[in-house]
>>> print(open('entry-v5.txt').read())   # compact mmCIF, C-alpha atoms
# COMPACT_ATOMS: atom_id res chain seq x y z
CA MET A 134 -7.83 22.16 -22.23
CA PRO A 135 -9.47 19.56 -20.01
CA LEU A 136 -9.40 20.76 -16.38
CA GLU A 137 -10.75 17.66 -14.68
CA PRO A 138 -9.95 15.23 -13.32
CA TRP A 139 -6.88 16.84 -11.81
CA PRO A 140 -3.91 14.53 -11.29
CA ALA A 141 -4.51 12.57 -8.08
CA GLU A 142 -1.18 13.65 -6.57
CA TRP A 143 -2.13 17.32 -6.96
CA LEU A 144 -5.37 16.74 -5.10
CA ARG A 145 -3.61 14.70 -2.40
CA ALA A 146 -1.21 17.59 -1.85
CA THR A 147 -3.84 20.31 -1.67
CA LEU A 148 -6.76 18.52 -0.04
CA PRO A 149 -5.75 18.93 3.63
CA LEU A 150 -5.33 22.67 3.20
CA THR A 151 -8.39 23.22 0.98
CA VAL A 152 -10.62 21.18 3.29
CA LEU A 153 -9.31 23.15 6.27
CA ALA A 154 -9.97 26.38 4.35
CA VAL A 155 -13.58 25.36 3.66
CA VAL A 156 -14.15 24.49 7.33
CA ALA A 157 -12.55 27.82 8.30
CA GLU A 158 -15.11 29.69 6.18
CA GLU A 159 -17.96 28.41 8.36
CA GLU A 160 -18.95 25.45 10.50
CA THR A 161 -19.94 22.76 8.02
CA TYR A 162 -20.38 19.03 7.35
CA GLY A 163 -18.93 16.45 5.00
CA TYR A 164 -21.30 16.61 2.04
CA ALA A 165 -21.30 20.44 2.08
CA ILE A 166 -17.49 20.41 2.09
CA ALA A 167 -17.45 18.07 -0.93
CA GLN A 168 -19.91 20.34 -2.74
CA ARG A 169 -17.85 23.43 -1.93
CA LEU A 170 -14.68 21.78 -3.26
CA GLN A 171 -16.49 20.77 -6.44
CA ALA A 172 -17.95 24.25 -6.89
CA ALA A 173 -14.42 25.66 -6.55
CA GLY A 174 -13.39 23.52 -9.52
CA LEU A 175 -11.38 20.89 -7.67
CA GLY A 176 -13.58 18.03 -8.89
CA ALA A 177 -15.65 15.45 -7.05
CA VAL A 178 -14.09 14.29 -3.77
CA LYS A 179 -15.43 10.91 -2.65
CA GLY A 180 -16.53 10.24 0.91
CA GLY A 181 -13.83 7.59 1.19
CA THR A 182 -11.20 10.31 0.70
CA LEU A 183 -12.89 13.18 2.51
CA TYR A 184 -13.75 11.66 5.91
CA PRO A 185 -10.33 10.12 6.65
CA MET A 186 -8.88 13.55 5.78
CA LEU A 187 -11.29 15.30 8.17
CA ASN A 188 -10.39 12.76 10.85
CA ARG A 189 -6.71 13.50 10.41
CA LEU A 190 -7.38 17.22 10.73
CA GLU A 191 -9.28 16.46 13.93
CA GLN A 192 -6.46 14.27 15.28
CA ASP A 193 -4.06 17.15 14.60
CA GLU A 194 -6.44 19.40 16.59
CA LEU A 195 -6.98 21.68 13.60
CA VAL A 196 -10.77 21.07 13.65
CA THR A 197 -13.31 19.79 16.15
CA SER A 198 -16.51 17.92 15.39
CA SER A 199 -19.94 17.36 16.88
CA TRP A 200 -23.03 15.43 15.80
CA ARG A 201 -26.28 17.30 15.27
CA GLU A 202 -29.72 15.91 14.64
CA GLY A 203 -30.82 16.10 11.02
CA ALA A 204 -34.30 17.06 9.82
CA GLY A 205 -35.66 13.59 9.14
CA GLY A 206 -32.17 12.33 8.32
CA PRO A 207 -29.68 10.37 10.40
CA GLY A 208 -27.86 13.46 11.75
CA ARG A 209 -24.74 15.20 10.52
CA LYS A 210 -21.23 15.59 11.85
CA PHE A 211 -20.33 19.28 11.85
CA PHE A 212 -16.73 20.44 11.76
CA THR A 213 -15.39 23.69 13.24
CA VAL A 214 -11.92 25.11 12.85
CA THR A 215 -9.90 25.57 16.06
CA PRO A 216 -7.71 28.63 16.78
CA HIS A 217 -4.72 26.37 16.15
CA GLY A 218 -6.28 25.30 12.84
CA ARG A 219 -6.83 28.90 11.79
CA ALA A 220 -3.22 29.81 12.57
CA HIS A 221 -2.02 26.69 10.75
CA LEU A 222 -4.13 27.60 7.71
CA ALA A 223 -2.76 31.15 7.56
CA GLU A 224 0.82 29.93 7.84
CA ARG A 225 0.47 27.10 5.32
CA ALA A 226 -1.59 29.16 2.87
CA ALA A 227 1.18 31.78 2.75
CA ALA A 228 3.79 29.06 2.24
CA TRP A 229 1.62 27.42 -0.44
CA HIS A 230 1.31 30.64 -2.43
CA THR A 231 5.07 31.11 -2.32
CA PHE A 232 5.60 27.50 -3.37
CA THR A 233 3.16 27.64 -6.31
CA GLU A 234 4.60 30.98 -7.49
CA ARG A 235 8.09 29.48 -7.52
CA ALA A 236 6.89 26.33 -9.28
CA ALA A 237 4.97 28.42 -11.82
CA GLY A 238 8.12 30.42 -12.49
CA LEU A 239 9.77 27.28 -13.79
CA LEU A 240 6.88 26.16 -15.96
CA PRO A 241 6.31 27.27 -19.55
CA SER A 242 3.45 29.73 -19.89
CA VAL A 243 0.27 28.55 -21.58
CA GLY A 244 0.71 28.51 -25.35
CA SER A 245 4.50 28.75 -25.05
CA SER A 246 6.58 26.17 -26.92
CA ARG A 247 9.33 26.24 -24.24
CA MET B 231 -29.71 4.79 -1.97
CA THR B 232 -31.67 1.87 -0.54
CA SER B 233 -31.58 0.96 3.15
CA THR B 234 -30.56 -2.54 2.05
CA GLY B 235 -27.41 -1.11 0.49
CA ILE B 236 -26.35 0.76 3.61
CA ASP B 237 -27.36 -2.15 5.87
CA THR B 238 -25.24 -4.56 3.84
CA TYR B 239 -22.34 -2.12 3.82
CA ARG B 240 -22.57 -1.66 7.61
CA ARG B 241 -22.64 -5.44 8.12
CA GLU B 242 -19.41 -5.69 6.12
CA LEU B 243 -17.74 -2.58 7.54
CA VAL B 244 -18.17 -3.26 11.28
CA PRO B 245 -16.37 -6.65 11.34
CA ALA B 246 -13.72 -5.33 8.95
CA LEU B 247 -13.04 -2.43 11.34
CA ARG B 248 -12.99 -4.79 14.33
CA ALA B 249 -10.47 -6.96 12.48
CA ALA B 250 -8.41 -3.81 11.85
CA ASN B 251 -8.20 -3.30 15.64
CA VAL B 252 -10.29 -0.09 15.56
CA PRO B 253 -11.87 0.74 18.97
CA PRO B 254 -15.70 0.43 19.21
CA GLU B 255 -16.29 4.18 19.67
CA ARG B 256 -14.26 4.95 16.55
CA ILE B 257 -16.13 2.24 14.60
CA GLY B 258 -19.40 3.93 15.56
CA GLU B 259 -18.08 7.27 14.27
CA ILE B 260 -16.92 5.80 10.96
CA VAL B 261 -20.22 3.97 10.36
CA ALA B 262 -22.23 7.09 11.25
CA GLU B 263 -20.14 9.19 8.84
CA VAL B 264 -20.87 6.74 6.02
CA GLU B 265 -24.59 6.61 6.80
CA SER B 266 -24.88 10.38 7.11
CA HIS B 267 -22.95 10.98 3.87
CA VAL B 268 -24.96 8.58 1.72
CA ALA B 269 -28.20 9.92 3.21
CA ASP B 270 -27.15 13.37 1.94
CA THR B 271 -25.80 12.31 -1.45
CA GLY B 272 -28.02 9.35 -2.29
CA GLU B 273 -24.89 7.50 -3.40
CA ASP B 274 -24.28 3.81 -2.96
CA PRO B 275 -21.84 3.50 -0.02
CA ARG B 276 -19.65 1.13 -2.01
CA GLU B 277 -19.36 3.75 -4.73
CA ALA B 278 -18.65 6.61 -2.32
CA PHE B 279 -16.32 4.82 0.11
CA GLY B 280 -15.08 1.81 -1.86
CA PRO B 281 -15.36 -1.83 -0.72
CA ALA B 282 -15.90 -2.01 3.07
CA ARG B 283 -12.77 -4.08 3.62
CA ASP B 284 -10.59 -1.59 1.71
CA TYR B 285 -12.11 1.39 3.52
CA ALA B 286 -11.59 -0.30 6.90
CA ALA B 287 -7.95 -1.07 6.02
CA GLY B 288 -7.24 2.67 5.98
CA PHE B 289 -8.05 2.82 9.72
CA ARG B 290 -5.92 -0.19 10.70
CA ARG B 291 -4.12 0.10 14.03
CA PRO B 292 -1.12 -2.03 14.93
CA ARG B 293 -1.67 -4.87 17.40
CA SER B 294 0.71 -5.83 20.18
CA ARG B 295 1.76 -9.48 20.42
CA GLY B 296 -0.40 -9.81 23.53
CA SER B 297 -3.49 -8.50 21.78
CA VAL B 298 -2.93 -10.87 18.82
CA ALA B 299 -2.86 -13.80 21.25
CA ALA B 300 -5.93 -12.44 23.05
CA SER B 301 -7.80 -12.13 19.75
CA VAL B 302 -7.31 -15.81 18.83
CA ALA B 303 -7.82 -17.12 22.39
CA PRO B 304 -11.66 -17.22 22.21
CA SER B 305 -11.62 -19.16 18.93
CA LEU B 306 -9.20 -21.72 20.37
CA LEU B 307 -11.23 -22.02 23.59
CA PHE B 308 -14.49 -22.40 21.65
CA ALA B 309 -12.95 -25.06 19.42
CA LEU B 310 -11.67 -26.95 22.49
CA CYS B 311 -15.06 -26.67 24.23
CA GLY B 312 -16.90 -27.91 21.16
CA PHE B 313 -14.49 -30.79 20.78
CA LEU B 314 -14.78 -31.89 24.46
CA VAL B 315 -18.58 -31.57 24.41
CA ALA B 316 -18.79 -33.57 21.16
CA VAL B 317 -16.48 -36.32 22.44
CA GLY B 318 -18.29 -36.42 25.81
CA ILE B 319 -21.76 -36.74 24.24
CA ILE B 320 -20.66 -39.41 21.77
CA GLY B 321 -19.04 -41.32 24.68
CA LEU B 322 -22.23 -41.06 26.76
CA VAL B 323 -24.42 -42.31 23.90
CA ASP B 324 -22.02 -45.16 23.10
CA GLY B 325 -21.49 -45.95 26.81
CA GLU B 326 -17.73 -45.75 26.37
CA PRO B 327 -15.08 -43.69 28.16
CA ALA B 328 -13.32 -40.82 26.40
CA PHE B 329 -9.59 -40.15 26.77
CA GLY B 330 -9.54 -42.81 29.51
CA GLN B 331 -12.09 -40.82 31.57
CA PRO B 332 -15.81 -41.37 32.07
CA ALA B 333 -17.58 -39.60 29.19
CA TRP B 334 -19.54 -37.36 31.57
CA VAL B 335 -16.24 -35.99 32.98
CA VAL B 336 -15.12 -34.95 29.47
CA LEU B 337 -18.54 -33.45 28.76
CA ALA B 338 -18.47 -31.54 32.07
CA ALA B 339 -14.93 -30.29 31.32
CA GLY B 340 -16.16 -28.93 27.98
CA LEU B 341 -19.12 -27.18 29.63
CA VAL B 342 -16.97 -25.72 32.43
CA LEU B 343 -14.42 -24.44 29.89
CA TRP B 344 -17.29 -22.71 28.10
CA ILE B 345 -17.52 -20.12 30.89
CA PRO B 346 -14.01 -18.58 30.48
CA ALA B 347 -14.38 -18.84 26.69
CA LEU B 348 -17.61 -16.87 26.89
CA VAL B 349 -16.12 -14.28 29.27
CA VAL B 350 -13.07 -13.71 27.03
CA ALA B 351 -15.24 -13.45 23.89
CA LEU B 352 -17.69 -11.03 25.52
CA ARG B 353 -14.87 -8.83 26.79
CA GLN B 354 -13.56 -8.58 23.24
CA SER B 355 -16.87 -8.00 21.47
CA VAL B 356 -17.65 -4.66 23.12
CA PRO B 357 -20.83 -3.23 21.51
CA VAL B 358 -20.39 -0.40 19.02
CA PRO B 359 -22.21 2.79 20.05
CA ASP B 360 -23.91 5.11 17.55
CA PRO B 361 -22.53 8.60 18.33
CA ARG B 362 -25.81 10.18 17.20
CA THR B 363 -28.09 8.27 19.56
CA GLY B 364 -25.84 6.53 22.08
CA ARG B 365 -27.55 3.24 21.17
CA TRP B 366 -25.62 0.15 20.19
CA ILE B 367 -25.48 -0.70 16.51
CA THR B 368 -24.17 -4.20 17.21
CA ALA B 369 -25.50 -6.95 19.43
CA GLY B 370 -25.08 -6.40 23.17
CA PRO B 371 -23.36 -8.84 25.56
CA ALA B 372 -26.59 -10.72 26.36
CA ALA B 373 -27.40 -11.33 22.69
CA ASN B 374 -23.80 -12.40 22.02
CA ALA B 375 -23.87 -14.80 24.98
CA VAL B 376 -27.16 -16.32 23.80
CA GLY B 377 -25.83 -16.64 20.25
CA MET B 378 -22.56 -18.29 21.29
CA SER B 379 -24.34 -20.64 23.69
CA GLY B 380 -26.79 -21.50 20.92
CA VAL B 381 -23.87 -22.65 18.77
CA LEU B 382 -22.67 -24.93 21.58
CA VAL B 383 -26.15 -26.38 22.04
CA ALA B 384 -26.41 -26.95 18.28
CA VAL B 385 -23.05 -28.77 18.29
CA ALA B 386 -24.19 -30.90 21.23
CA VAL B 387 -27.53 -31.79 19.60
CA ALA B 388 -25.86 -32.60 16.27
CA CYS B 389 -23.32 -34.87 17.97
CA TRP B 390 -26.02 -36.57 20.00
CA GLY B 391 -28.10 -37.19 16.85
CA LEU B 392 -25.08 -38.46 14.94
CA ALA B 393 -24.09 -40.76 17.78
CA VAL B 394 -27.62 -42.17 18.11
CA LEU B 395 -27.81 -42.79 14.36
CA THR B 396 -24.45 -44.53 14.16
CA SER B 397 -24.50 -46.52 17.41
>>> encode(input="entry-v5.txt", output="structure tokens")
Amino acid sequence: MPLEPWPAEWLRATLPLTVLAVVAEEETYGYAIAQRLQAAGLGAVKGGTLYPMLNRLEQDELVTSSWREGAGGPGRKFFTVTPHGRAHLAERAAAWHTFTERAAGLLPSVGSSR
Amino acid sequence: MTSTGIDTYRRELVPALRAANVPPERIGEIVAEVESHVADTGEDPREAFGPARDYAAGFRRPRSRGSVAASVAPSLLFALCGFLVAVGIIGLVDGEPAFGQPAWVVLAAGLVLWIPALVVALRQSVPVPDPRTGRWITAGPAANAVGMSGVLVAVAVACWGLAVLTS
């Protein structure tokens, strides 16, 4: 069964929470977040999708950002989760698990002809 | 990723973001994010972020009626200045009045009107700062003033040359 690319609407729905989860793991920057999402099997997330999402998380005060000098590069914008962001993540992650369990309960199991 | 690619993309992105009513500090952030990302990935910015105009459209902020009028005011003032200067110079070369006034009066009116036009334009073209260095990534007020004045001088010289050739 082909896993990627996932339907765009699935990614749109999960991206805010998965990006917040990656930032909550450790302070990180855009490219590293994209790599982490890809390594988790969510597919390649383009910069044009990722940075507006990070900016929205920052506007909602779920993350903060700061620029750091890069080694020979142009510098990187690092993102850190806020206490509000961490609480939001815990709350939404719990709700997401409930939601996906309920949705999965309606779907036919793999290999089923239902 | 070549520096030409990112330079071209920045040249397209900055005016597109200005047109989308994005504040200069935010423009600097967006440009720096693009530059930093493509430096890490080696991607072409157009491939990673899409066409500059489309990417900028995602940051569009609504304008008030007053700010719409303010955004077109410099263009109208510049057009009026250029017109008065052109008519004044042609009148001076031909030795004829313009709009029933001595040609030098019309020329002087155009030059005097240039000052508020320049002030309004400079107030609106606030330089974009790079959040990583604090330096401007667009031309500063002095360079903008020189550039805009250069256009006026070029218009004046062209009109003078045209008038001399045709008189």
>>> closest_residue(input="entry-v5.txt", among="B:Thr396, B:Ser266, B:Thr368, B:Asn374", to="chain A", atoms="only C-alpha atoms")
B:Ser266
>>> residues_around(input="entry-v5.txt", residues="segment 178-183 of chain A", least_positions_apart="2", cutoff="7 Å", atoms="only C-alpha atoms", output="PDB file with C-alpha atoms, in the frame of the given file")
ATOM      1  CA  ALA A 167     -17.450  18.070  -0.930  1.00  0.00           C
ATOM      2  CA  GLY A 176     -13.580  18.030  -8.890  1.00  0.00           C
ATOM      3  CA  PRO A 185     -10.330  10.120   6.650  1.00  0.00           C
ATOM      4  CA  MET A 186      -8.880  13.550   5.780  1.00  0.00           C
ATOM      5  CA  LEU A 187     -11.290  15.300   8.170  1.00  0.00           C
TER       6      LEU A 187
ATOM      7  CA  ALA B 278     -18.650   6.610  -2.320  1.00  0.00           C
ATOM      8  CA  PHE B 279     -16.320   4.820   0.110  1.00  0.00           C
ATOM      9  CA  GLY B 280     -15.080   1.810  -1.860  1.00  0.00           C
ATOM     10  CA  TYR B 285     -12.110   1.390   3.520  1.00  0.00           C
TER      11      TYR B 285
END
>>> residues_around(input="entry-v5.txt", residues="Arg169 of chain A", least_positions_apart="6", cutoff="12 Å", atoms="only C-alpha atoms", output="number ranges by chain")
A: 151-156, 158-159, 161-163, 175-178
>>> closest_residue(input="entry-v5.txt", among="B:Ala286, B:Ile257, B:Leu395, B:Ala299", to="Val358 of chain B", atoms="all atoms listed in the file")
B:Ile257
>>> residues_around(input="entry-v5.txt", residues="segment 385-394 of chain B", least_positions_apart="2", cutoff="9 Å", atoms="all atoms listed in the file", output="NGL selection string")
:B and (312 or 315-317 or 319-324 or 380-383 or 396-397)
>>> interface_residues(input="entry-v5.txt", of="chain B", to="chain A", cutoff="12 Å", atoms="all atoms listed in the file", output="PDB file with C-alpha atoms, in the frame of the given file")
ATOM      1  CA  ARG B 256     -14.260   4.950  16.550  1.00  0.00           C
ATOM      2  CA  GLU B 259     -18.080   7.270  14.270  1.00  0.00           C
ATOM      3  CA  ILE B 260     -16.920   5.800  10.960  1.00  0.00           C
ATOM      4  CA  VAL B 261     -20.220   3.970  10.360  1.00  0.00           C
ATOM      5  CA  ALA B 262     -22.230   7.090  11.250  1.00  0.00           C
ATOM      6  CA  GLU B 263     -20.140   9.190   8.840  1.00  0.00           C
ATOM      7  CA  VAL B 264     -20.870   6.740   6.020  1.00  0.00           C
ATOM      8  CA  GLU B 265     -24.590   6.610   6.800  1.00  0.00           C
ATOM      9  CA  SER B 266     -24.880  10.380   7.110  1.00  0.00           C
ATOM     10  CA  HIS B 267     -22.950  10.980   3.870  1.00  0.00           C
ATOM     11  CA  VAL B 268     -24.960   8.580   1.720  1.00  0.00           C
ATOM     12  CA  ALA B 269     -28.200   9.920   3.210  1.00  0.00           C
ATOM     13  CA  ASP B 270     -27.150  13.370   1.940  1.00  0.00           C
ATOM     14  CA  THR B 271     -25.800  12.310  -1.450  1.00  0.00           C
ATOM     15  CA  GLY B 272     -28.020   9.350  -2.290  1.00  0.00           C
ATOM     16  CA  GLU B 273     -24.890   7.500  -3.400  1.00  0.00           C
ATOM     17  CA  ASP B 274     -24.280   3.810  -2.960  1.00  0.00           C
ATOM     18  CA  PRO B 275     -21.840   3.500  -0.020  1.00  0.00           C
ATOM     19  CA  ARG B 276     -19.650   1.130  -2.010  1.00  0.00           C
ATOM     20  CA  GLU B 277     -19.360   3.750  -4.730  1.00  0.00           C
ATOM     21  CA  ALA B 278     -18.650   6.610  -2.320  1.00  0.00           C
ATOM     22  CA  PHE B 279     -16.320   4.820   0.110  1.00  0.00           C
ATOM     23  CA  GLY B 280     -15.080   1.810  -1.860  1.00  0.00           C
ATOM     24  CA  PRO B 281     -15.360  -1.830  -0.720  1.00  0.00           C
ATOM     25  CA  ALA B 282     -15.900  -2.010   3.070  1.00  0.00           C
ATOM     26  CA  ARG B 283     -12.770  -4.080   3.620  1.00  0.00           C
ATOM     27  CA  ASP B 284     -10.590  -1.590   1.710  1.00  0.00           C
ATOM     28  CA  TYR B 285     -12.110   1.390   3.520  1.00  0.00           C
ATOM     29  CA  ALA B 286     -11.590  -0.300   6.900  1.00  0.00           C
ATOM     30  CA  ALA B 287      -7.950  -1.070   6.020  1.00  0.00           C
ATOM     31  CA  GLY B 288      -7.240   2.670   5.980  1.00  0.00           C
ATOM     32  CA  PHE B 289      -8.050   2.820   9.720  1.00  0.00           C
ATOM     33  CA  ARG B 290      -5.920  -0.190  10.700  1.00  0.00           C
ATOM     34  CA  ASP B 360     -23.910   5.110  17.550  1.00  0.00           C
ATOM     35  CA  PRO B 361     -22.530   8.600  18.330  1.00  0.00           C
ATOM     36  CA  ARG B 362     -25.810  10.180  17.200  1.00  0.00           C
ATOM     37  CA  THR B 363     -28.090   8.270  19.560  1.00  0.00           C
ATOM     38  CA  GLY B 364     -25.840   6.530  22.080  1.00  0.00           C
TER      39      GLY B 364
END
>>> residues_near_point(input="entry-v5.txt", point="(-10.4, 26.0, 18.6)", cutoff="10 Å", atoms="all atoms listed in the file", output="ChimeraX atom specification")
/A:194-197,213-219
>>> atom_distance(input="entry-v5.txt", atom1="atom CA of Leu348 of chain B", atom2="atom CA of Pro304 of chain B")
7.6 Å
>>> atom_distance(input="entry-v5.txt", atom1="atom CA of Ala351 of chain B", atom2="atom CA of Ser297 of chain B")
12.9 Å
>>> atom_distance(input="entry-v5.txt", atom1="atom CA of Ala328 of chain B", atom2="atom CA of Leu314 of chain B")
9.3 Å
>>> closest_residue(input="entry-v5.txt", among="A:Gln171, A:Arg189, A:Ala236, A:Ala227", to="Pro138 of chain A", atoms="only C-alpha atoms")
A:Gln171
